[in-house]
Protein chains: 2
Amino acid sequence: MVDILHRVGVTTSTPQRVYAAITSIDGLASWWTEDTKGSSDVGGVIEFRFPPVGGFDMEVVQSSPSERVVWRVADGPEEWVGTTIEWDLRQDGDYTIVMFTHRDWKEPGEFMHHCSTKWGQFLMSLKSWVESGAGQPAPRDVQISDWH
Amino acid sequence: MVDILHRVGVTTSTPQRVYAAITSIDGLASWWTEDTKGSSDVGGVIEFRFPPVGGFDMEVVQSSPSERVVWRVADGPEEWVGTTIEWDLRQDGDYTIVMFTHRDWKEPGEFMHHCSTKWGQFLMSLKSWVESGAGQPAPRDVQISDWH
(Lines give C-alpha, C1' and ligand atoms only; values in the text may rest on other atoms or scores of the structure.)
Protein backbone atom coordinates (compact mmCIF):
# COMPACT_ATOMS: atom_id res chain seq x y z
CA MET A 1 0.00 0.00 0.00
CA VAL A 2 1.27 3.48 -0.87
CA ASP A 3 0.11 6.94 0.14
CA ILE A 4 -0.07 10.47 -1.25
CA LEU A 5 1.08 13.01 1.35
CA HIS A 6 0.81 16.79 1.43
CA ARG A 7 1.14 19.66 3.90
CA VAL A 8 0.09 23.28 3.45
CA GLY A 9 -0.23 26.19 5.86
CA VAL A 10 -3.14 28.59 5.56
CA THR A 11 -2.63 32.14 6.80
CA THR A 12 -5.23 34.51 8.30
CA SER A 13 -7.25 31.45 9.17
CA THR A 14 -8.29 29.11 11.97
CA PRO A 15 -8.85 25.35 12.08
CA GLN A 16 -12.58 26.17 12.24
CA ARG A 17 -12.47 27.97 8.90
CA VAL A 18 -10.50 25.23 7.14
CA TYR A 19 -12.80 22.62 8.66
CA ALA A 20 -15.76 24.49 7.18
CA ALA A 21 -14.03 24.56 3.79
CA ILE A 22 -13.63 20.76 3.75
CA THR A 23 -16.99 19.84 5.27
CA SER A 24 -19.56 22.23 3.79
CA ILE A 25 -20.81 21.55 0.27
CA ASP A 26 -20.38 25.23 -0.61
CA GLY A 27 -16.84 25.19 0.75
CA LEU A 28 -15.83 22.07 -1.18
CA ALA A 29 -17.38 23.52 -4.35
CA SER A 30 -15.24 26.63 -3.92
CA TRP A 31 -11.84 24.96 -4.16
CA TRP A 32 -12.18 21.37 -5.47
CA THR A 33 -15.01 21.06 -7.96
CA GLU A 34 -18.01 23.30 -8.53
CA ASP A 35 -20.10 20.16 -9.13
CA THR A 36 -20.28 18.97 -5.49
CA LYS A 37 -23.45 17.61 -3.87
CA GLY A 38 -24.56 15.31 -1.08
CA SER A 39 -24.23 15.08 2.68
CA SER A 40 -21.07 15.71 4.66
CA ASP A 41 -22.50 14.29 7.89
CA VAL A 42 -20.79 11.17 9.23
CA GLY A 43 -22.23 8.24 7.27
CA GLY A 44 -23.28 10.53 4.43
CA VAL A 45 -21.92 10.51 0.90
CA ILE A 46 -20.46 13.53 -0.89
CA GLU A 47 -20.58 13.39 -4.69
CA PHE A 48 -17.73 15.17 -6.47
CA ARG A 49 -18.03 15.38 -10.25
CA PHE A 50 -15.60 16.64 -12.88
CA PRO A 51 -17.57 16.82 -16.13
CA PRO A 52 -17.12 15.16 -18.54
CA VAL A 53 -14.64 12.69 -17.04
CA GLY A 54 -16.44 11.34 -13.99
CA GLY A 55 -15.81 11.84 -10.30
CA PHE A 56 -15.79 10.39 -6.83
CA ASP A 57 -18.32 9.41 -4.17
CA MET A 58 -16.85 9.86 -0.70
CA GLU A 59 -18.40 8.29 2.37
CA VAL A 60 -17.76 10.45 5.42
CA VAL A 61 -16.16 8.18 8.03
CA GLN A 62 -15.11 10.76 10.62
CA SER A 63 -15.72 14.46 11.09
CA SER A 64 -14.25 15.88 14.30
CA PRO A 65 -14.83 19.63 14.30
CA SER A 66 -11.70 21.69 13.61
CA GLU A 67 -9.45 18.64 13.95
CA ARG A 68 -9.91 15.70 11.63
CA VAL A 69 -11.98 14.52 8.66
CA VAL A 70 -11.80 11.09 7.03
CA TRP A 71 -13.46 10.02 3.79
CA ARG A 72 -13.59 6.57 2.24
CA VAL A 73 -13.84 6.41 -1.54
CA ALA A 74 -17.06 4.50 -2.20
CA ASP A 75 -17.16 4.98 -5.97
CA GLY A 76 -14.94 6.41 -8.69
CA PRO A 77 -11.93 5.27 -10.71
CA GLU A 78 -10.93 1.70 -9.88
CA GLU A 79 -7.61 2.84 -8.36
CA TRP A 80 -9.47 5.11 -5.90
CA VAL A 81 -12.18 2.77 -4.64
CA GLY A 82 -11.39 1.62 -1.10
CA THR A 83 -8.68 4.23 -0.51
CA THR A 84 -9.13 6.74 2.30
CA ILE A 85 -8.51 10.46 2.49
CA GLU A 86 -7.53 11.96 5.82
CA TRP A 87 -7.40 15.61 6.83
CA ASP A 88 -5.73 16.71 10.06
CA LEU A 89 -5.87 20.34 11.15
CA ARG A 90 -4.10 22.33 13.84
CA GLN A 91 -3.13 25.91 14.50
CA ASP A 92 0.59 26.68 14.65
CA GLY A 93 1.24 30.39 15.24
CA ASP A 94 -0.15 32.36 12.31
CA TYR A 95 -0.80 29.24 10.22
CA THR A 96 -3.53 26.65 10.11
CA ILE A 97 -1.57 23.52 9.22
CA VAL A 98 -3.34 21.05 6.94
CA MET A 99 -1.88 17.55 6.91
CA PHE A 100 -3.35 15.51 4.07
CA THR A 101 -3.03 11.79 3.35
CA HIS A 102 -4.66 9.85 0.52
CA ARG A 103 -3.96 6.41 1.90
CA ASP A 104 -3.81 2.79 0.73
CA TRP A 105 -3.35 2.91 -3.01
CA LYS A 106 -2.61 -0.60 -4.26
CA GLU A 107 0.13 0.40 -6.71
CA PRO A 108 2.30 3.48 -7.33
CA GLY A 109 1.17 3.69 -10.94
CA GLU A 110 1.18 6.60 -13.34
CA PHE A 111 -2.33 7.69 -12.35
CA MET A 112 -1.26 7.87 -8.70
CA HIS A 113 1.67 10.11 -9.69
CA HIS A 114 -0.82 12.37 -11.49
CA CYS A 115 -3.24 12.46 -8.57
CA SER A 116 -0.43 13.37 -6.17
CA THR A 117 0.50 16.46 -8.18
CA LYS A 118 -3.16 17.33 -8.75
CA TRP A 119 -3.99 17.07 -5.03
CA GLY A 120 -1.14 19.49 -4.36
CA GLN A 121 -2.69 22.01 -6.75
CA PHE A 122 -6.13 21.59 -5.18
CA LEU A 123 -4.66 22.08 -1.70
CA MET A 124 -3.17 25.35 -2.95
CA SER A 125 -6.67 26.19 -4.23
CA LEU A 126 -8.07 25.42 -0.75
CA LYS A 127 -5.39 27.63 0.83
CA SER A 128 -6.09 30.46 -1.59
CA TRP A 129 -9.83 30.20 -1.14
CA VAL A 130 -9.68 30.39 2.66
CA GLU A 131 -7.11 33.18 2.56
CA SER A 132 -8.63 35.38 -0.10
CA GLY A 133 -11.80 33.83 -1.52
CA ALA A 134 -10.00 33.04 -4.78
CA GLY A 135 -10.19 29.27 -5.21
CA GLN A 136 -9.57 27.42 -8.46
CA PRO A 137 -12.08 24.57 -8.41
CA ALA A 138 -12.81 22.44 -11.49
CA PRO A 139 -13.59 23.33 -14.22
CA ARG A 140 -11.38 26.39 -13.52
CA ASP A 141 -8.59 24.27 -12.02
CA VAL A 142 -4.88 24.53 -12.85
CA GLN A 143 -4.01 22.19 -15.73
CA ILE A 144 -0.93 20.12 -14.99
CA SER A 145 -0.80 17.78 -18.00
CA ASP A 146 -2.69 15.98 -20.77
CA TRP A 147 -4.71 14.40 -17.96
CA HIS A 148 -5.80 17.87 -16.73
CA MET B 1 10.44 3.05 2.75
CA VAL B 2 8.03 5.60 1.29
CA ASP B 3 8.14 7.68 -1.87
CA ILE B 4 6.99 11.06 -3.17
CA LEU B 5 5.43 10.73 -6.63
CA HIS B 6 4.48 13.35 -9.20
CA ARG B 7 3.56 13.59 -12.88
CA VAL B 8 3.33 16.71 -15.04
CA GLY B 9 3.01 17.21 -18.79
CA VAL B 10 4.93 19.98 -20.50
CA THR B 11 3.47 21.44 -23.68
CA THR B 12 5.32 22.90 -26.68
CA SER B 13 8.32 20.89 -25.57
CA THR B 14 10.40 17.80 -26.26
CA PRO B 15 12.14 15.33 -23.93
CA GLN B 16 15.39 16.98 -25.06
CA ARG B 17 14.30 20.36 -23.73
CA VAL B 18 13.10 19.01 -20.39
CA TYR B 19 16.29 16.96 -20.10
CA ALA B 20 18.30 20.16 -20.59
CA ALA B 21 16.20 21.88 -17.90
CA ILE B 22 17.04 19.17 -15.33
CA THR B 23 20.68 18.62 -16.28
CA SER B 24 22.15 22.04 -17.07
CA ILE B 25 23.10 24.28 -14.15
CA ASP B 26 21.41 27.24 -15.85
CA GLY B 27 18.27 25.20 -16.40
CA LEU B 28 18.07 24.01 -12.78
CA ALA B 29 18.66 27.57 -11.56
CA SER B 30 15.72 28.73 -13.66
CA TRP B 31 13.04 26.66 -11.97
CA TRP B 32 14.35 25.18 -8.68
CA THR B 33 16.79 27.50 -6.98
CA GLU B 34 18.82 30.36 -8.39
CA ASP B 35 21.72 29.27 -6.15
CA THR B 36 22.73 26.14 -8.11
CA LYS B 37 26.34 25.15 -8.80
CA GLY B 38 28.47 22.11 -9.52
CA SER B 39 28.70 19.39 -12.13
CA SER B 40 25.77 17.51 -13.63
CA ASP B 41 27.97 14.88 -15.28
CA VAL B 42 27.55 11.31 -14.02
CA GLY B 43 29.59 11.05 -10.82
CA GLY B 44 29.49 14.82 -10.34
CA VAL B 45 27.76 16.68 -7.52
CA ILE B 46 25.21 19.46 -7.99
CA GLU B 47 24.88 21.88 -5.08
CA PHE B 48 21.42 23.36 -4.56
CA ARG B 49 21.17 26.08 -1.91
CA PHE B 50 18.14 27.89 -0.48
CA PRO B 51 19.54 30.77 1.59
CA PRO B 52 19.34 31.06 4.51
CA VAL B 53 17.99 27.61 5.33
CA GLY B 54 20.50 25.24 3.72
CA GLY B 55 20.20 22.98 0.72
CA PHE B 56 21.08 19.70 -0.91
CA ASP B 57 24.10 18.10 -2.57
CA MET B 58 23.03 15.66 -5.27
CA GLU B 59 25.36 13.07 -6.73
CA VAL B 60 24.44 12.35 -10.34
CA VAL B 61 24.00 8.57 -10.60
CA GLN B 62 22.50 8.31 -14.08
CA SER B 63 21.94 10.72 -16.93
CA SER B 64 20.51 9.13 -20.06
CA PRO B 65 19.87 11.89 -22.60
CA SER B 66 16.17 12.74 -23.04
CA GLU B 67 15.09 9.69 -21.02
CA ARG B 68 16.18 9.37 -17.42
CA VAL B 69 18.12 11.17 -14.70
CA VAL B 70 18.86 9.82 -11.21
CA TRP B 71 20.34 11.75 -8.30
CA ARG B 72 21.39 10.44 -4.91
CA VAL B 73 21.18 12.89 -2.03
CA ALA B 74 24.74 13.05 -0.67
CA ASP B 75 24.19 15.87 1.82
CA GLY B 76 21.33 17.93 3.18
CA PRO B 77 18.61 17.50 5.80
CA GLU B 78 18.92 14.19 7.64
CA GLU B 79 15.63 12.92 6.18
CA TRP B 80 16.96 13.45 2.64
CA VAL B 81 20.41 11.90 2.89
CA GLY B 82 20.47 8.54 1.11
CA THR B 83 17.18 9.08 -0.70
CA THR B 84 17.15 9.09 -4.50
CA ILE B 85 15.39 11.32 -7.00
CA GLU B 86 14.40 9.84 -10.35
CA TRP B 87 13.23 11.65 -13.46
CA ASP B 88 11.73 9.74 -16.39
CA LEU B 89 10.82 11.56 -19.60
CA ARG B 90 8.87 10.60 -22.68
CA GLN B 91 6.88 12.28 -25.41
CA ASP B 92 3.17 11.52 -25.56
CA GLY B 93 1.43 13.45 -28.33
CA ASP B 94 1.75 17.16 -27.63
CA TYR B 95 3.10 16.62 -24.11
CA THR B 96 6.48 15.80 -22.67
CA ILE B 97 5.53 13.62 -19.71
CA VAL B 98 7.69 13.99 -16.61
CA MET B 99 7.44 11.13 -14.11
CA PHE B 100 9.12 12.08 -10.84
CA THR B 101 9.92 9.91 -7.83
CA HIS B 102 11.73 10.95 -4.65
CA ARG B 103 12.35 7.47 -3.33
CA ASP B 104 13.23 5.71 -0.09
CA TRP B 105 12.27 8.11 2.68
CA LYS B 106 12.57 6.29 6.01
CA GLU B 107 9.36 7.70 7.51
CA PRO B 108 6.24 9.50 6.23
CA GLY B 109 6.79 12.38 8.65
CA GLU B 110 5.54 15.93 8.52
CA PHE B 111 8.62 17.16 6.63
CA MET B 112 8.02 14.56 3.93
CA HIS B 113 4.42 15.80 3.57
CA HIS B 114 5.81 19.32 3.12
CA CYS B 115 8.42 18.23 0.58
CA SER B 116 5.78 16.39 -1.44
CA THR B 117 3.68 19.52 -1.86
CA LYS B 118 6.75 21.67 -2.46
CA TRP B 119 8.09 19.31 -5.17
CA GLY B 120 4.72 19.62 -6.90
CA GLN B 121 5.06 23.40 -6.97
CA PHE B 122 8.62 23.19 -8.28
CA LEU B 123 7.53 20.77 -11.02
CA MET B 124 4.93 23.35 -12.04
CA SER B 125 7.76 25.89 -12.08
CA LEU B 126 9.78 23.54 -14.34
CA LYS B 127 6.76 23.15 -16.63
CA SER B 128 6.20 26.89 -16.77
CA TRP B 129 9.85 27.63 -17.41
CA VAL B 130 10.12 25.21 -20.33
CA GLU B 131 6.80 26.36 -21.77
CA SER B 132 7.20 30.10 -21.42
CA GLY B 133 10.50 30.98 -19.74
CA ALA B 134 8.64 32.00 -16.57
CA GLY B 135 9.98 29.78 -13.80
CA GLN B 136 9.58 30.43 -10.09
CA PRO B 137 12.86 29.26 -8.56
CA ALA B 138 13.84 30.05 -4.97
CA PRO B 139 13.95 32.69 -3.61
CA ARG B 140 10.99 33.63 -5.86
CA ASP B 141 9.23 30.30 -5.24
CA VAL B 142 5.57 29.82 -4.34
CA GLN B 143 5.13 29.84 -0.55
CA ILE B 144 2.99 26.94 0.63
CA SER B 145 3.25 27.29 4.42
CA ASP B 146 5.25 28.47 7.43
CA TRP B 147 8.03 26.19 6.11
CA HIS B 148 8.10 28.10 2.79
# chains A, B, ... in the order shown; residues from 1 in each chain; ligands from 1

$ select_by_dssp --residues "segment 38-144 of chain B" --states "alpha helix (DSSP H)" --output "MDAnalysis selection string"
chainID B and resid 110:132

$ interface_residues --of "chain A" --to "chain B" --cutoff "6 Å" --atoms "only C-alpha atoms" --output "PyMOL selection string"
chain A and resi 5-9+113-114+116-117+120+144-145

$ residues_around --residues "Thr14 of chain A" --least-positions-apart "3" --cutoff "7 Å" --atoms "only C-alpha atoms" --output "list of chain:residue names"
A:Arg17, A:Val18, A:Gln91, A:Thr96

$ write_last_selection --atoms "all heavy atoms" --output "PDB file, in the first residue's frame"
ATOM      1  N   ARG A  17     -12.169  27.524  10.268  1.00  0.00           N
ATOM      2  CA  ARG A  17     -12.468  27.974   8.898  1.00  0.00           C
ATOM      3  C   ARG A  17     -12.063  26.919   7.872  1.00  0.00           C
ATOM      4  O   ARG A  17     -12.765  26.711   6.883  1.00  0.00           O
ATOM      5  CB  ARG A  17     -11.767  29.308   8.610  1.00  0.00           C
ATOM      6  CG  ARG A  17     -12.402  30.460   9.379  1.00  0.00           C
ATOM      7  CD  ARG A  17     -11.821  31.804   8.957  1.00  0.00           C
ATOM      8  NE  ARG A  17     -12.018  32.061   7.544  1.00  0.00           N
ATOM      9  CZ  ARG A  17     -11.188  32.752   6.769  1.00  0.00           C
ATOM     10  NH1 ARG A  17     -10.087  33.278   7.292  1.00  0.00           N
ATOM     11  NH2 ARG A  17     -11.452  32.929   5.491  1.00  0.00           N
ATOM     12  N   VAL A  18     -10.904  26.275   8.090  1.00  0.00           N
ATOM     13  CA  VAL A  18     -10.497  25.226   7.141  1.00  0.00           C
ATOM     14  C   VAL A  18     -11.443  24.031   7.248  1.00  0.00           C
ATOM     15  O   VAL A  18     -11.822  23.434   6.235  1.00  0.00           O
ATOM     16  CB  VAL A  18      -9.029  24.815   7.374  1.00  0.00           C
ATOM     17  CG1 VAL A  18      -8.655  23.635   6.473  1.00  0.00           C
ATOM     18  CG2 VAL A  18      -8.094  25.998   7.116  1.00  0.00           C
ATOM     19  N   GLN A  91      -3.665  24.559  14.614  1.00  0.00           N
ATOM     20  CA  GLN A  91      -3.126  25.913  14.500  1.00  0.00           C
ATOM     21  C   GLN A  91      -1.696  25.924  15.001  1.00  0.00           C
ATOM     22  O   GLN A  91      -1.388  25.333  16.048  1.00  0.00           O
ATOM     23  CB  GLN A  91      -3.986  26.899  15.307  1.00  0.00           C
ATOM     24  CG  GLN A  91      -3.680  28.360  15.019  1.00  0.00           C
ATOM     25  CD  GLN A  91      -4.093  28.819  13.612  1.00  0.00           C
ATOM     26  OE1 GLN A  91      -4.883  28.148  12.948  1.00  0.00           O
ATOM     27  NE2 GLN A  91      -3.538  29.931  13.151  1.00  0.00           N
ATOM     28  N   THR A  96      -2.769  27.875   9.923  1.00  0.00           N
ATOM     29  CA  THR A  96      -3.533  26.651  10.115  1.00  0.00           C
ATOM     30  C   THR A  96      -2.860  25.583   9.258  1.00  0.00           C
ATOM     31  O   THR A  96      -2.816  25.689   8.024  1.00  0.00           O
ATOM     32  CB  THR A  96      -4.994  26.825   9.678  1.00  0.00           C
ATOM     33  OG1 THR A  96      -5.570  27.918  10.393  1.00  0.00           O
ATOM     34  CG2 THR A  96      -5.795  25.555   9.945  1.00  0.00           C
TER      35      THR A  96
END

$ residues_around --residues "Gly82 of chain A" --least-positions-apart "5" --cutoff "12 Å" --atoms "only C-alpha atoms" --output "list in words"
Met1, Phe56, Asp57, Met58, Glu59, Trp71, Arg72, Val73, Ala74, Asp75, Gly76, Pro77, His102, Arg103, Asp104, Trp105 and Lys106 of chain A

$ decode --residues "segment 64-113 of chain B" --atoms "N, CA and C atoms" --output "JSON list (two decimals), in the first residue's frame"
[["chain", "number", "residue", "atom", "x", "y", "z"],
["B", 64, "SER", "N", 20.72, 9.70, -18.73],
["B", 64, "SER", "CA", 20.51, 9.13, -20.06],
["B", 64, "SER", "C", 19.76, 10.16, -20.90],
["B", 65, "PRO", "N", 20.44, 10.75, -21.90],
["B", 65, "PRO", "CA", 19.87, 11.89, -22.60],
["B", 65, "PRO", "C", 18.41, 11.69, -23.04],
["B", 66, "SER", "N", 17.58, 12.65, -22.67],
["B", 66, "SER", "CA", 16.17, 12.74, -23.04],
["B", 66, "SER", "C", 15.32, 11.63, -22.45],
["B", 67, "GLU", "N", 15.87, 10.82, -21.56],
["B", 67, "GLU", "CA", 15.09, 9.69, -21.02],
["B", 67, "GLU", "C", 15.03, 9.63, -19.50],
["B", 68, "ARG", "N", 16.18, 9.67, -18.86],
["B", 68, "ARG", "CA", 16.18, 9.37, -17.42],
["B", 68, "ARG", "C", 17.37, 10.02, -16.73],
["B", 69, "VAL", "N", 17.08, 10.58, -15.55],
["B", 69, "VAL", "CA", 18.12, 11.17, -14.70],
["B", 69, "VAL", "C", 17.88, 10.66, -13.28],
["B", 70, "VAL", "N", 18.96, 10.27, -12.60],
["B", 70, "VAL", "CA", 18.86, 9.82, -11.21],
["B", 70, "VAL", "C", 19.91, 10.55, -10.38],
["B", 71, "TRP", "N", 19.44, 11.12, -9.26],
["B", 71, "TRP", "CA", 20.34, 11.75, -8.30],
["B", 71, "TRP", "C", 20.25, 10.99, -6.97],
["B", 72, "ARG", "N", 21.39, 10.94, -6.28],
["B", 72, "ARG", "CA", 21.39, 10.44, -4.91],
["B", 72, "ARG", "C", 21.71, 11.61, -3.99],
["B", 73, "VAL", "N", 20.95, 11.76, -2.91],
["B", 73, "VAL", "CA", 21.18, 12.89, -2.03],
["B", 73, "VAL", "C", 22.39, 12.57, -1.14],
["B", 74, "ALA", "N", 23.49, 13.29, -1.39],
["B", 74, "ALA", "CA", 24.74, 13.05, -0.67],
["B", 74, "ALA", "C", 24.81, 13.86, 0.61],
["B", 75, "ASP", "N", 24.18, 15.04, 0.61],
["B", 75, "ASP", "CA", 24.19, 15.87, 1.82],
["B", 75, "ASP", "C", 22.95, 16.75, 1.82],
["B", 76, "GLY", "N", 22.53, 17.11, 3.02],
["B", 76, "GLY", "CA", 21.33, 17.93, 3.18],
["B", 76, "GLY", "C", 20.63, 17.58, 4.47],
["B", 77, "PRO", "N", 19.34, 17.86, 4.59],
["B", 77, "PRO", "CA", 18.61, 17.50, 5.80],
["B", 77, "PRO", "C", 18.70, 15.98, 6.04],
["B", 78, "GLU", "N", 18.73, 15.60, 7.30],
["B", 78, "GLU", "CA", 18.92, 14.19, 7.64],
["B", 78, "GLU", "C", 17.92, 13.29, 6.92],
["B", 79, "GLU", "N", 16.65, 13.76, 6.81],
["B", 79, "GLU", "CA", 15.63, 12.92, 6.18],
["B", 79, "GLU", "C", 15.92, 12.67, 4.70],
["B", 80, "TRP", "N", 16.70, 13.57, 4.08],
["B", 80, "TRP", "CA", 16.96, 13.45, 2.64],
["B", 80, "TRP", "C", 18.18, 12.59, 2.32],
["B", 81, "VAL", "N", 19.14, 12.55, 3.23],
["B", 81, "VAL", "CA", 20.41, 11.90, 2.89],
["B", 81, "VAL", "C", 20.17, 10.41, 2.63],
["B", 82, "GLY", "N", 20.65, 9.94, 1.49],
["B", 82, "GLY", "CA", 20.47, 8.54, 1.11],
["B", 82, "GLY", "C", 19.24, 8.28, 0.27],
["B", 83, "THR", "N", 18.33, 9.25, 0.20],
["B", 83, "THR", "CA", 17.18, 9.08, -0.70],
["B", 83, "THR", "C", 17.63, 9.31, -2.14],
["B", 84, "THR", "N", 16.82, 8.87, -3.10],
["B", 84, "THR", "CA", 17.15, 9.09, -4.50],
["B", 84, "THR", "C", 15.99, 9.80, -5.19],
["B", 85, "ILE", "N", 16.36, 10.55, -6.22],
["B", 85, "ILE", "CA", 15.39, 11.32, -7.00],
["B", 85, "ILE", "C", 15.51, 10.86, -8.45],
["B", 86, "GLU", "N", 14.39, 10.43, -9.01],
["B", 86, "GLU", "CA", 14.40, 9.84, -10.35],
["B", 86, "GLU", "C", 13.48, 10.65, -11.26],
["B", 87, "TRP", "N", 13.99, 10.93, -12.43],
["B", 87, "TRP", "CA", 13.23, 11.65, -13.46],
["B", 87, "TRP", "C", 13.13, 10.75, -14.69],
["B", 88, "ASP", "N", 11.93, 10.50, -15.16],
["B", 88, "ASP", "CA", 11.73, 9.74, -16.39],
["B", 88, "ASP", "C", 10.92, 10.58, -17.36],
["B", 89, "LEU", "N", 11.41, 10.68, -18.58],
["B", 89, "LEU", "CA", 10.82, 11.56, -19.60],
["B", 89, "LEU", "C", 10.38, 10.75, -20.81],
["B", 90, "ARG", "N", 9.28, 11.18, -21.40],
["B", 90, "ARG", "CA", 8.87, 10.60, -22.68],
["B", 90, "ARG", "C", 7.93, 11.57, -23.37],
["B", 91, "GLN", "N", 7.84, 11.46, -24.68],
["B", 91, "GLN", "CA", 6.88, 12.28, -25.41],
["B", 91, "GLN", "C", 5.60, 11.50, -25.62],
["B", 92, "ASP", "N", 4.46, 12.16, -25.37],
["B", 92, "ASP", "CA", 3.17, 11.52, -25.56],
["B", 92, "ASP", "C", 2.29, 12.56, -26.25],
["B", 93, "GLY", "N", 2.20, 12.46, -27.57],
["B", 93, "GLY", "CA", 1.43, 13.45, -28.33],
["B", 93, "GLY", "C", 2.06, 14.82, -28.19],
["B", 94, "ASP", "N", 1.25, 15.79, -27.76],
["B", 94, "ASP", "CA", 1.75, 17.16, -27.63],
["B", 94, "ASP", "C", 2.47, 17.41, -26.30],
["B", 95, "TYR", "N", 2.56, 16.42, -25.46],
["B", 95, "TYR", "CA", 3.10, 16.62, -24.11],
["B", 95, "TYR", "C", 4.40, 15.85, -23.87],
["B", 96, "THR", "N", 5.35, 16.51, -23.24],
["B", 96, "THR", "CA", 6.48, 15.80, -22.67],
["B", 96, "THR", "C", 6.09, 15.42, -21.24],
["B", 97, "ILE", "N", 5.97, 14.12, -21.02],
["B", 97, "ILE", "CA", 5.53, 13.62, -19.71],
["B", 97, "ILE", "C", 6.75, 13.47, -18.80],
["B", 98, "VAL", "N", 6.64, 14.07, -17.62],
["B", 98, "VAL", "CA", 7.69, 13.99, -16.61],
["B", 98, "VAL", "C", 7.16, 13.15, -15.45],
["B", 99, "MET", "N", 7.78, 11.98, -15.27],
["B", 99, "MET", "CA", 7.44, 11.13, -14.11],
["B", 99, "MET", "C", 8.56, 11.32, -13.09],
["B", 100, "PHE", "N", 8.16, 11.70, -11.89],
["B", 100, "PHE", "CA", 9.12, 12.08, -10.84],
["B", 100, "PHE", "C", 8.91, 11.20, -9.62],
["B", 101, "THR", "N", 10.00, 10.68, -9.08],
["B", 101, "THR", "CA", 9.92, 9.91, -7.83],
["B", 101, "THR", "C", 11.06, 10.33, -6.91],
["B", 102, "HIS", "N", 10.72, 10.71, -5.69],
["B", 102, "HIS", "CA", 11.73, 10.95, -4.65],
["B", 102, "HIS", "C", 11.59, 9.76, -3.69],
["B", 103, "ARG", "N", 12.52, 8.83, -3.83],
["B", 103, "ARG", "CA", 12.35, 7.47, -3.33],
["B", 103, "ARG", "C", 13.13, 7.21, -2.05],
["B", 104, "ASP", "N", 12.53, 6.32, -1.23],
["B", 104, "ASP", "CA", 13.23, 5.71, -0.09],
["B", 104, "ASP", "C", 13.39, 6.64, 1.11],
["B", 105, "TRP", "N", 12.34, 7.42, 1.39],
["B", 105, "TRP", "CA", 12.27, 8.11, 2.68],
["B", 105, "TRP", "C", 12.08, 7.06, 3.76],
["B", 106, "LYS", "N", 12.69, 7.29, 4.92],
["B", 106, "LYS", "CA", 12.57, 6.29, 6.01],
["B", 106, "LYS", "C", 11.18, 6.33, 6.65],
["B", 107, "GLU", "N", 10.62, 7.53, 6.79],
["B", 107, "GLU", "CA", 9.36, 7.70, 7.51],
["B", 107, "GLU", "C", 8.48, 8.70, 6.78],
["B", 108, "PRO", "N", 7.14, 8.50, 6.82],
["B", 108, "PRO", "CA", 6.24, 9.50, 6.23],
["B", 108, "PRO", "C", 5.92, 10.63, 7.21],
["B", 109, "GLY", "N", 6.97, 11.32, 7.64],
["B", 109, "GLY", "CA", 6.79, 12.38, 8.65],
["B", 109, "GLY", "C", 6.29, 13.68, 8.06],
["B", 110, "GLU", "N", 6.13, 14.66, 8.94],
["B", 110, "GLU", "CA", 5.54, 15.93, 8.52],
["B", 110, "GLU", "C", 6.41, 16.64, 7.48],
["B", 111, "PHE", "N", 7.74, 16.52, 7.60],
["B", 111, "PHE", "CA", 8.62, 17.16, 6.63],
["B", 111, "PHE", "C", 8.47, 16.52, 5.25],
["B", 112, "MET", "N", 8.24, 15.22, 5.22],
["B", 112, "MET", "CA", 8.02, 14.56, 3.93],
["B", 112, "MET", "C", 6.72, 15.05, 3.29],
["B", 113, "HIS", "N", 5.66, 15.23, 4.11],
["B", 113, "HIS", "CA", 4.42, 15.80, 3.57],
["B", 113, "HIS", "C", 4.70, 17.16, 2.92]]
